[in-house]
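Engineer: The structure file start22.csv (CSV, C-alpha atoms) is provided below.
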```csv
chain,number,residue,atom,x,y,z
H,1,MET,CA,-179.5,150.4,62.4
H,2,PRO,CA,-176.6,148.1,61.5
H,3,ALA,CA,-173.1,149.4,61.2
H,4,VAL,CA,-171.8,148.6,57.8
H,5,THR,CA,-168.1,148.5,57.0
H,6,ILE,CA,-166.9,150.8,54.3
H,7,ALA,CA,-166.0,148.0,51.9
H,8,ASN,CA,-169.6,146.7,52.0
H,9,LEU,CA,-171.3,150.0,51.2
H,10,LYS,CA,-173.4,150.0,48.1
H,11,SER,CA,-175.2,152.7,46.0
H,12,GLY,CA,-178.8,153.1,47.2
H,13,MET,CA,-178.2,152.5,50.9
H,14,LYS,CA,-179.5,155.2,53.2
H,15,LEU,CA,-177.7,156.6,56.3
H,16,SER,CA,-179.5,156.0,59.5
H,17,LYS,CA,-177.1,158.3,61.4
H,18,PRO,CA,-175.3,161.4,60.1
H,19,ILE,CA,-171.6,161.2,59.4
H,20,VAL,CA,-169.9,163.7,61.7
H,21,ASN,CA,-166.3,164.8,61.9
H,22,ASP,CA,-164.2,165.1,65.1
H,23,SER,CA,-165.4,168.6,65.8
H,24,GLY,CA,-169.1,167.6,65.4
H,25,MET,CA,-169.7,169.1,62.0
H,26,VAL,CA,-172.1,167.1,59.9
H,27,LEU,CA,-170.5,165.8,56.7
H,28,LEU,CA,-173.4,163.8,55.4
H,29,PRO,CA,-176.9,164.1,56.9
H,30,GLN,CA,-179.1,161.3,58.2
H,31,GLY,CA,-181.2,159.9,55.4
H,32,ALA,CA,-178.6,160.7,52.6
H,33,VAL,CA,-178.8,158.1,49.9
H,34,LEU,CA,-175.4,156.7,48.9
H,35,THR,CA,-174.1,157.0,45.3
H,36,ALA,CA,-170.8,155.8,43.9
H,37,SER,CA,-169.3,159.2,44.2
H,38,LEU,CA,-170.5,159.6,47.9
H,39,ILE,CA,-169.0,156.2,48.7
H,40,GLY,CA,-165.7,157.4,47.2
H,41,ARG,CA,-165.8,160.4,49.5
H,42,ILE,CA,-166.7,158.2,52.5
H,43,GLU,CA,-163.7,156.0,51.7
H,44,ASN,CA,-161.5,159.0,52.2
H,45,MET,CA,-162.9,159.9,55.6
H,46,ASN,CA,-161.0,157.1,57.4
H,47,LEU,CA,-164.1,155.6,59.1
H,48,ALA,CA,-164.5,152.0,60.1
H,49,THR,CA,-168.2,151.8,59.7
H,50,VAL,CA,-171.3,153.9,58.9
H,51,SER,CA,-174.8,153.3,60.1
H,52,ILE,CA,-177.3,152.2,57.4
H,53,GLU,CA,-181.0,152.0,57.6
H,54,GLY,CA,-182.7,148.6,57.5
H,55,SER,CA,-181.1,145.3,57.6
H,56,SER,CA,-178.7,145.5,54.7
H,57,GLU,CA,-176.5,142.9,56.4
H,58,PRO,CA,-178.7,139.8,56.8
H,59,ARG,CA,-179.0,138.7,60.4
H,60,LYS,CA,-178.9,135.1,61.5
H,61,PRO,CA,-182.2,133.3,61.4
H,62,LEU,CA,-183.8,132.9,64.9
H,63,GLU,CA,-183.6,129.1,64.7
H,64,ALA,CA,-179.8,129.4,64.4
H,65,VAL,CA,-179.6,131.8,67.3
H,66,LEU,CA,-181.7,129.4,69.5
H,67,ALA,CA,-179.6,126.4,68.5
H,68,GLU,CA,-176.5,128.3,69.5
H,69,ILE,CA,-178.0,129.0,72.9
H,70,ASP,CA,-178.7,125.3,73.3
H,71,ALA,CA,-175.1,124.6,72.4
H,72,ARG,CA,-173.7,127.1,74.8
H,73,PHE,CA,-175.8,125.7,77.7
H,74,ARG,CA,-175.0,122.0,77.0
H,75,MET,CA,-172.6,121.6,79.9
H,76,ALA,CA,-174.9,123.4,82.4
H,77,ASP,CA,-178.4,122.2,81.5
H,78,ASP,CA,-178.9,120.0,84.5
H,79,HIS,CA,-179.9,122.7,87.0
H,80,PRO,CA,-183.2,124.6,87.4
H,81,LEU,CA,-181.3,127.9,87.8
H,82,MET,CA,-179.5,127.3,84.4
H,83,GLN,CA,-182.8,126.2,82.8
H,84,MET,CA,-184.3,129.5,83.9
H,85,LEU,CA,-181.4,131.4,82.5
H,86,LYS,CA,-181.6,129.6,79.2
H,87,ARG,CA,-185.4,130.3,79.0
H,88,VAL,CA,-184.8,134.0,79.7
H,89,MET,CA,-182.1,134.1,77.0
H,90,LYS,CA,-184.3,132.4,74.4
H,91,GLU,CA,-187.3,134.6,75.1
H,92,HIS,CA,-185.0,137.6,74.9
H,93,PHE,CA,-184.1,136.7,71.3
H,94,GLU,CA,-187.6,135.8,70.4
H,95,VAL,CA,-188.8,139.3,71.5
H,96,LEU,CA,-185.9,140.9,69.7
H,97,TYR,CA,-186.7,139.2,66.5
H,98,GLN,CA,-190.3,140.4,66.7
H,99,ARG,CA,-189.5,144.0,66.6
Z,1,MET,CA,-149.2,119.5,83.1
Z,2,ILE,CA,-146.6,122.2,82.9
Z,3,ASP,CA,-143.2,121.4,84.5
Z,4,LYS,CA,-143.2,124.3,87.0
Z,5,ASP,CA,-144.4,124.7,90.5
Z,6,ILE,CA,-147.0,127.2,91.5
Z,7,ARG,CA,-144.5,129.4,93.2
Z,8,THR,CA,-142.5,129.7,90.1
Z,9,ILE,CA,-145.5,130.4,88.0
Z,10,ARG,CA,-146.6,133.1,90.4
Z,11,ALA,CA,-143.2,134.8,90.4
Z,12,GLU,CA,-143.2,134.8,86.6
Z,13,ILE,CA,-146.8,136.1,86.3
Z,14,GLU,CA,-146.0,138.9,88.8
Z,15,ARG,CA,-143.2,140.1,86.7
Z,16,ILE,CA,-145.4,140.3,83.6
Z,17,ASP,CA,-144.7,144.0,83.2
Z,18,THR,CA,-141.1,143.3,82.3
Z,19,LEU,CA,-142.1,141.3,79.2
Z,20,PRO,CA,-140.9,142.9,76.0
Z,21,THR,CA,-144.4,142.4,74.5
Z,22,ILE,CA,-145.9,144.7,77.1
Z,23,PRO,CA,-146.6,148.2,75.6
Z,24,THR,CA,-144.3,150.9,76.9
Z,25,ILE,CA,-147.4,153.0,77.7
Z,26,LEU,CA,-148.4,150.4,80.3
Z,27,LYS,CA,-144.9,150.3,81.8
Z,28,LYS,CA,-145.0,154.1,82.2
Z,29,LEU,CA,-148.4,154.0,83.6
Z,30,LEU,CA,-147.6,151.4,86.2
Z,31,GLY,CA,-144.7,153.5,87.3
Z,32,VAL,CA,-147.2,156.2,88.4
Z,33,ILE,CA,-150.2,154.2,89.6
Z,34,GLU,CA,-148.4,151.4,91.5
Z,35,ASN,CA,-147.8,154.0,94.1
Z,36,PRO,CA,-150.8,153.8,96.4
Z,37,LYS,CA,-150.2,157.4,97.5
Z,38,ALA,CA,-150.5,158.8,94.0
Z,39,SER,CA,-153.1,161.6,94.2
Z,40,LEU,CA,-155.8,162.6,91.8
Z,41,THR,CA,-153.6,165.5,90.7
Z,42,THR,CA,-150.5,163.4,90.0
Z,43,ILE,CA,-152.4,160.9,87.9
Z,44,GLY,CA,-154.4,163.6,86.2
Z,45,ASN,CA,-151.3,165.5,85.2
Z,46,PHE,CA,-149.5,162.3,84.1
Z,47,VAL,CA,-152.4,161.3,81.8
Z,48,SER,CA,-153.1,164.9,80.5
Z,49,ASN,CA,-149.4,165.1,79.4
Z,50,ASP,CA,-149.7,162.0,77.3
Z,51,PRO,CA,-152.0,162.6,74.3
Z,52,VAL,CA,-152.4,158.9,73.6
Z,53,LEU,CA,-153.5,158.1,77.1
Z,54,THR,CA,-155.8,161.2,77.2
Z,55,SER,CA,-157.6,160.1,74.1
Z,56,ARG,CA,-158.0,156.6,75.4
Z,57,VAL,CA,-159.5,157.7,78.6
Z,58,LEU,CA,-161.9,160.1,76.9
Z,59,ARG,CA,-162.9,157.6,74.4
Z,60,MET,CA,-163.7,155.1,77.1
Z,61,VAL,CA,-165.6,157.4,79.4
Z,62,ASN,CA,-167.7,158.7,76.5
Z,63,SER,CA,-168.3,155.2,75.2
Z,64,PRO,CA,-171.5,153.1,75.8
Z,65,VAL,CA,-169.6,151.3,78.6
Z,66,TYR,CA,-170.1,154.5,80.7
Z,67,GLY,CA,-173.4,155.9,79.7
Z,68,PHE,CA,-172.7,159.5,80.5
Z,69,PRO,CA,-175.3,161.6,78.8
Z,70,GLY,CA,-173.1,164.7,78.5
Z,71,ARG,CA,-169.8,164.4,76.7
Z,72,ILE,CA,-166.8,164.4,79.0
Z,73,SER,CA,-164.1,166.5,77.5
Z,74,SER,CA,-161.2,166.5,79.9
Z,75,VAL,CA,-159.2,164.0,82.0
Z,76,ASN,CA,-159.8,166.0,85.2
Z,77,GLN,CA,-163.5,166.0,84.6
Z,78,SER,CA,-163.5,162.2,84.2
Z,79,LEU,CA,-161.4,161.8,87.4
Z,80,ILE,CA,-163.9,163.9,89.3
Z,81,LEU,CA,-167.0,162.1,87.9
Z,82,LEU,CA,-165.7,158.6,88.0
Z,83,GLY,CA,-163.1,158.7,90.8
Z,84,LEU,CA,-159.5,157.7,91.0
Z,85,ASN,CA,-160.0,154.0,91.2
Z,86,VAL,CA,-162.2,153.8,88.2
Z,87,VAL,CA,-159.9,155.9,86.0
Z,88,ARG,CA,-156.9,153.9,87.2
Z,89,GLY,CA,-158.7,150.7,86.3
Z,90,LEU,CA,-159.8,152.1,83.0
Z,91,LEU,CA,-156.3,153.1,82.1
Z,92,LEU,CA,-155.0,149.6,83.0
Z,93,GLY,CA,-157.8,147.9,81.2
Z,94,VAL,CA,-157.2,149.6,77.9
Z,95,SER,CA,-153.5,149.2,78.2
Z,96,VAL,CA,-153.5,145.6,79.3
Z,97,PHE,CA,-155.9,144.6,76.6
Z,98,GLU,CA,-153.9,146.6,74.0
Z,99,ALA,CA,-151.2,143.9,74.3
Z,100,MET,CA,-153.9,141.4,73.2
Z,101,GLN,CA,-156.1,143.4,70.9
Z,102,LYS,CA,-155.3,141.4,67.8
Z,103,ALA,CA,-154.9,137.9,69.3
Z,104,MET,CA,-157.9,138.0,71.6
Z,105,LEU,CA,-160.3,140.6,70.3
Z,106,GLY,CA,-163.1,138.4,71.5
Z,107,LEU,CA,-161.9,138.7,75.0
Z,108,TRP,CA,-161.9,142.5,74.9
Z,109,GLU,CA,-165.5,142.3,73.6
Z,110,HIS,CA,-166.4,139.9,76.4
Z,111,SER,CA,-164.8,142.2,78.9
Z,112,LEU,CA,-166.6,145.3,77.7
Z,113,GLY,CA,-169.9,143.4,77.6
Z,114,ALA,CA,-169.3,142.2,81.2
Z,115,ALA,CA,-168.5,145.8,82.3
Z,116,ILE,CA,-171.8,147.1,80.8
Z,117,ALA,CA,-173.8,144.2,82.3
Z,118,ALA,CA,-172.2,144.7,85.8
Z,119,ARG,CA,-173.1,148.4,85.7
Z,120,VAL,CA,-176.7,147.7,84.8
Z,121,ILE,CA,-177.0,145.1,87.5
Z,122,ALA,CA,-175.3,147.2,90.1
Z,123,LYS,CA,-177.6,150.1,89.4
Z,124,ARG,CA,-180.6,147.9,89.6
Z,125,LYS,CA,-179.4,146.7,93.0
Z,126,LYS,CA,-178.9,150.4,93.9
Z,127,MET,CA,-175.3,149.8,94.9
Z,128,ASN,CA,-173.2,152.8,95.8
Z,129,GLU,CA,-170.4,152.4,93.2
Z,130,PRO,CA,-171.8,151.0,90.0
Z,131,GLU,CA,-168.8,152.3,88.1
Z,132,GLU,CA,-166.3,150.6,90.4
Z,133,VAL,CA,-168.1,147.3,90.0
Z,134,SER,CA,-168.1,147.9,86.2
Z,135,ILE,CA,-164.3,148.4,86.2
Z,136,ALA,CA,-163.9,145.1,88.1
Z,137,ALA,CA,-165.9,143.4,85.5
Z,138,LEU,CA,-163.8,145.0,82.7
Z,139,LEU,CA,-160.7,143.6,84.3
Z,140,HIS,CA,-162.1,140.2,85.7
Z,141,ASP,CA,-160.3,138.2,83.0
Z,142,MET,CA,-157.0,140.0,82.9
Z,143,GLY,CA,-155.4,136.8,84.2
Z,144,LYS,CA,-156.2,135.3,80.8
Z,145,VAL,CA,-154.1,138.0,79.2
Z,146,ALA,CA,-151.3,137.5,81.7
Z,147,LEU,CA,-151.2,133.8,81.2
Z,148,SER,CA,-151.3,134.0,77.4
Z,149,LEU,CA,-148.6,136.7,77.4
Z,150,LYS,CA,-146.3,134.7,79.7
Z,151,PHE,CA,-147.0,131.2,78.2
Z,152,PRO,CA,-148.1,132.0,74.6
Z,153,ALA,CA,-147.5,128.6,73.0
Z,154,GLU,CA,-149.0,126.6,76.0
Z,155,TYR,CA,-152.0,128.9,76.2
Z,156,GLU,CA,-152.8,128.7,72.5
Z,157,LYS,CA,-152.7,124.9,72.7
Z,158,LEU,CA,-154.9,125.0,75.8
Z,159,LEU,CA,-157.5,127.1,74.0
Z,160,SER,CA,-157.7,124.6,71.1
Z,161,ASP,CA,-157.8,121.7,73.6
Z,162,VAL,CA,-160.7,123.1,75.6
Z,163,GLU,CA,-162.6,123.6,72.4
Z,164,ALA,CA,-162.0,120.0,71.2
Z,165,ARG,CA,-163.0,118.6,74.6
Z,166,SER,CA,-165.9,121.0,75.4
Z,167,LEU,CA,-164.3,122.3,78.6
Z,168,LEU,CA,-164.3,125.7,80.2
Z,169,VAL,CA,-161.0,127.6,79.8
Z,170,TYR,CA,-161.0,127.6,83.6
Z,171,GLU,CA,-160.9,123.8,83.8
Z,172,GLY,CA,-158.2,123.6,81.1
Z,173,GLU,CA,-156.1,126.0,83.1
Z,174,LYS,CA,-156.4,124.0,86.2
Z,175,GLU,CA,-155.2,120.9,84.4
Z,176,LEU,CA,-152.2,122.6,82.8
Z,177,PHE,CA,-151.1,125.1,85.5
Z,178,GLU,CA,-152.9,123.9,88.6
Z,179,ILE,CA,-154.0,127.6,88.9
Z,180,THR,CA,-156.5,129.5,86.9
Z,181,HIS,CA,-156.7,133.0,85.3
Z,182,ALA,CA,-158.6,134.1,88.4
Z,183,ASP,CA,-155.5,133.4,90.5
Z,184,ALA,CA,-153.2,134.9,87.9
Z,185,GLY,CA,-155.3,138.0,87.6
Z,186,ALA,CA,-155.5,138.5,91.4
Z,187,TRP,CA,-151.7,138.1,91.7
Z,188,VAL,CA,-151.1,140.8,89.1
Z,189,ALA,CA,-153.7,143.0,90.5
Z,190,LYS,CA,-152.2,142.8,94.0
Z,191,ARG,CA,-148.7,143.3,92.6
Z,192,TRP,CA,-149.9,146.5,90.9
Z,193,ASN,CA,-151.5,147.8,94.0
Z,194,PHE,CA,-155.1,147.6,92.8
Z,195,PRO,CA,-157.7,148.5,95.5
Z,196,PRO,CA,-158.6,145.5,97.6
Z,197,ASN,CA,-162.1,145.1,96.2
Z,198,LEU,CA,-160.8,144.7,92.7
Z,199,VAL,CA,-158.3,142.1,93.8
Z,200,GLU,CA,-160.9,140.1,95.6
Z,201,ILE,CA,-163.5,140.3,92.8
Z,202,ILE,CA,-160.9,139.2,90.2
Z,203,GLU,CA,-159.8,136.3,92.5
Z,204,TYR,CA,-163.3,135.0,93.2
Z,205,HIS,CA,-165.3,135.8,90.0
Z,206,HIS,CA,-165.8,132.0,89.5
Z,207,LYS,CA,-166.3,131.3,93.2
Z,208,PRO,CA,-168.2,134.3,94.4
Z,209,HIS,CA,-169.4,132.5,97.6
Z,210,LEU,CA,-165.8,132.7,98.9
Z,211,SER,CA,-165.5,136.4,98.7
Z,212,LYS,CA,-165.4,137.6,102.3
Z,213,ASN,CA,-165.2,141.4,102.2
Z,214,TYR,CA,-167.0,142.2,98.9
Z,215,PRO,CA,-169.6,139.4,98.4
Z,216,MET,CA,-172.2,141.6,96.7
Z,217,GLN,CA,-169.8,143.2,94.2
Z,218,THR,CA,-168.3,139.8,93.4
Z,219,ALA,CA,-171.7,138.3,92.9
Z,220,VAL,CA,-172.6,141.1,90.5
Z,221,VAL,CA,-169.5,140.5,88.4
Z,222,HIS,CA,-170.0,136.8,88.5
Z,223,LEU,CA,-173.6,137.2,87.2
Z,224,ALA,CA,-172.5,139.7,84.6
Z,225,ASP,CA,-169.9,137.2,83.3
Z,226,VAL,CA,-172.4,134.4,83.1
Z,227,LEU,CA,-175.1,136.6,81.4
Z,228,ILE,CA,-172.7,137.9,78.8
Z,229,ARG,CA,-171.6,134.4,77.9
Z,230,ALA,CA,-175.2,133.2,77.8
Z,231,ARG,CA,-176.0,136.1,75.5
Z,232,GLY,CA,-173.1,135.0,73.2
Z,233,PHE,CA,-171.5,138.4,73.2
Z,234,GLY,CA,-167.7,138.3,72.6
Z,235,PHE,CA,-165.5,135.3,73.1
Z,236,ALA,CA,-164.1,134.5,76.6
Z,237,GLY,CA,-162.0,131.6,75.3
Z,238,ASP,CA,-164.7,129.0,75.2
Z,239,MET,CA,-168.3,128.9,74.0
Z,240,LEU,CA,-169.9,127.5,77.1
Z,241,VAL,CA,-172.0,129.0,79.8
Z,242,PRO,CA,-170.6,128.1,83.2
Z,243,HIS,CA,-172.9,127.3,86.2
Z,244,LEU,CA,-174.4,130.4,87.9
Z,245,ASN,CA,-173.4,130.1,91.5
Z,246,GLN,CA,-176.5,129.5,93.6
Z,247,ALA,CA,-175.4,131.3,96.7
Z,248,ALA,CA,-174.4,134.4,94.7
Z,249,TRP,CA,-177.7,134.3,92.8
Z,250,TYR,CA,-179.8,134.2,96.0
Z,251,SER,CA,-177.7,136.9,97.6
Z,252,LEU,CA,-178.6,139.2,94.7
Z,253,ASP,CA,-182.3,138.6,95.3
Z,254,LEU,CA,-183.3,138.9,91.7
Z,255,LYS,CA,-186.3,137.2,90.0
Z,256,GLU,CA,-186.7,135.8,86.5
Z,257,GLN,CA,-188.5,139.0,85.5
Z,258,ASP,CA,-185.5,141.1,86.7
Z,259,LEU,CA,-183.3,139.1,84.4
Z,260,LYS,CA,-185.6,139.8,81.5
Z,261,ASP,CA,-185.5,143.5,82.3
Z,262,ILE,CA,-181.8,143.5,82.6
Z,263,MET,CA,-181.4,141.7,79.3
Z,264,HIS,CA,-183.7,144.2,77.7
Z,265,GLU,CA,-181.8,147.2,79.1
Z,266,LEU,CA,-178.5,145.6,78.0
Z,267,GLU,CA,-179.4,144.9,74.4
Z,268,ASP,CA,-179.1,148.4,73.0
Z,269,LEU,CA,-176.0,149.1,75.0
Z,270,LEU,CA,-174.4,145.9,73.7
Z,271,GLN,CA,-175.2,146.9,70.1
Z,272,GLU,CA,-173.6,150.3,70.7
Z,273,ALA,CA,-170.6,148.6,72.2
Z,274,ALA,CA,-170.2,146.4,69.2
Z,275,GLU,CA,-170.1,149.5,67.0
Z,276,PHE,CA,-167.6,151.0,69.4
Z,277,ILE,CA,-165.3,148.0,69.1
Z,278,LEU,CA,-165.6,148.0,65.3
Z,279,SER,CA,-164.7,151.7,65.2
Z,280,ASP,CA,-161.5,151.0,67.2
Z,281,GLU,CA,-158.6,151.9,65.1
```
As structure tokens, what does this structure read like?
Structural biologist:
Amino acid sequence: MPAVTIANLKSGMKLSKPIVNDSGMVLLPQGAVLTASLIGRIENMNLATVSIEGSSEPRKPLEAVLAEIDARFRMADDHPLMQMLKRVMKEHFEVLYQR
Amino acid sequence: MIDKDIRTIRAEIERIDTLPTIPTILKKLLGVIENPKASLTTIGNFVSNDPVLTSRVLRMVNSPVYGFPGRISSVNQSLILLGLNVVRGLLLGVSVFEAMQKAMLGLWEHSLGAAIAARVIAKRKKMNEPEEVSIAALLHDMGKVALSLKFPAEYEKLLSDVEARSLLVYEGEKELFEITHADAGAWVAKRWNFPPNLVEIIEYHHKPHLSKNYPMQTAVVHLADVLIRARGFGFAGDMLVPHLNQAAWYSLDLKEQDLKDIMHELEDLLQEAAEFILSDE
């Protein structure tokens, strides 16, 4: 459930979490589908982000993530312990991207 | 290399709280918590009387960094649940980093990530005070804040240098100052009367095998720091994973499968923390 900044909200997006005010009152329920007028009201609520269903903000492709891991490990790749850590990290992302 | 000897640098770092860029809230806070005899009640009252501090403490204790299932609604309740040292560290953490929020948002993210990782690891190792270890991880890089506040131009240049030369910030600092953020952080921590375990963990988080009195807690924070960098969460000043210290790793007695489990447990907490950071006003 990615957090989407207010400026990037578009009509048709669906809330994956309710919008709640400081005292816990639900202002917009989970599952509400955004319209232009709802987005206008959300803009007035002074929120930084709201949670939206699905991946409306595209995530980085797995290949790019794995390449970044290689880059981060480039100074410490010489040791079995670090190789193990790198393997764990790559597998971690591979599993994440499967779900 | 900077044209100052270590003693001068230390004296200047220790007086960091007199800088005009330090928020007044931190100055006020230091006045109360530098006193090692300050009691739970003194600190509780001080914080409760300041609405800004109160909301910061409550926001942090209810955040994903401290996974309390029930909502904590008062400062006194957090003091009882988390203990004096943790709340002291929390207050300092949020105030110290406030000075940096804009310039080094990535460092705040790195620190929160390390705090979460340290708590997860400490719990897995069934250590007595996972929250204390977590606070040490939250503050482990405060020397970077101190150095960049005291030497802003030099530190900015250092950061672009280490990027161009593929160095760790730690190595760049050694070249420029002869000391590192670990030393600087420990000096400030000592000066501000932090509890001894915090001082030692901050000082040795890059050399955990040298920690005499708190080797396990230091090893946990060291591993948390390395793991969070390896995961690529936040920005500690460089985009490199430093070597995991072998002695520390073996003393923790963890296996590859444990690391996988830890990463799995961490992932959702990190996602929540990223939202928490985004929602920061």
Engineer: Leu27 of chain H: which residues within 12 Å, counting all atoms listed in the file, same-chain residues fewer than 3 positions away excluded, as a ChimeraX atom specification?
Structural biologist: /H:15,17-24,30,32,38,41-42,45
Engineer: Using only C-alpha atoms, which residues sit within 9 Å of Val61 of chain Z once same-chain residues fewer than 2 positions away are excluded, as a ChimeraX atom specification?
Structural biologist: /Z:56-59,63-68,71-72,78,82,87,90
Engineer: Could you write those residues out with C-alpha atoms, as a compact mmCIF listing (two decimals), keeping the file's coordinate frame?
Structural biologist:
```
# COMPACT_ATOMS: atom_id res chain seq x y z
CA ARG Z 56 -158.00 156.60 75.40
CA VAL Z 57 -159.50 157.70 78.60
CA LEU Z 58 -161.90 160.10 76.90
CA ARG Z 59 -162.90 157.60 74.40
CA SER Z 63 -168.30 155.20 75.20
CA PRO Z 64 -171.50 153.10 75.80
CA VAL Z 65 -169.60 151.30 78.60
CA TYR Z 66 -170.10 154.50 80.70
CA GLY Z 67 -173.40 155.90 79.70
CA PHE Z 68 -172.70 159.50 80.50
CA ARG Z 71 -169.80 164.40 76.70
CA ILE Z 72 -166.80 164.40 79.00
CA SER Z 78 -163.50 162.20 84.20
CA LEU Z 82 -165.70 158.60 88.00
CA VAL Z 87 -159.90 155.90 86.00
CA LEU Z 90 -159.80 152.10 83.00
```
Engineer: From the list H:Gln98, H:Asn46, H:Thr35, H:Gln83, which residue is nearest Leu9 of chain H when using only C-alpha atoms?
Structural biologist: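 Looking at the shortest contact to Leu9 of chain H, the residue is H:Thr35.
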Engineer: For the atom pair atom CA of Lys60 of chain H and atom CA of Gly232 of chain Z, what is the interatomic distance in Å to one decimal place?
Structural biologist: 13.1 Å
Engineer: One number please: atom CA of Leu198 of chain Z to atom CA of Thr42 of chain Z, in Å, one decimal.
Structural biologist: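 Rounded to one decimal, the two atoms are 21.5 Å apart.
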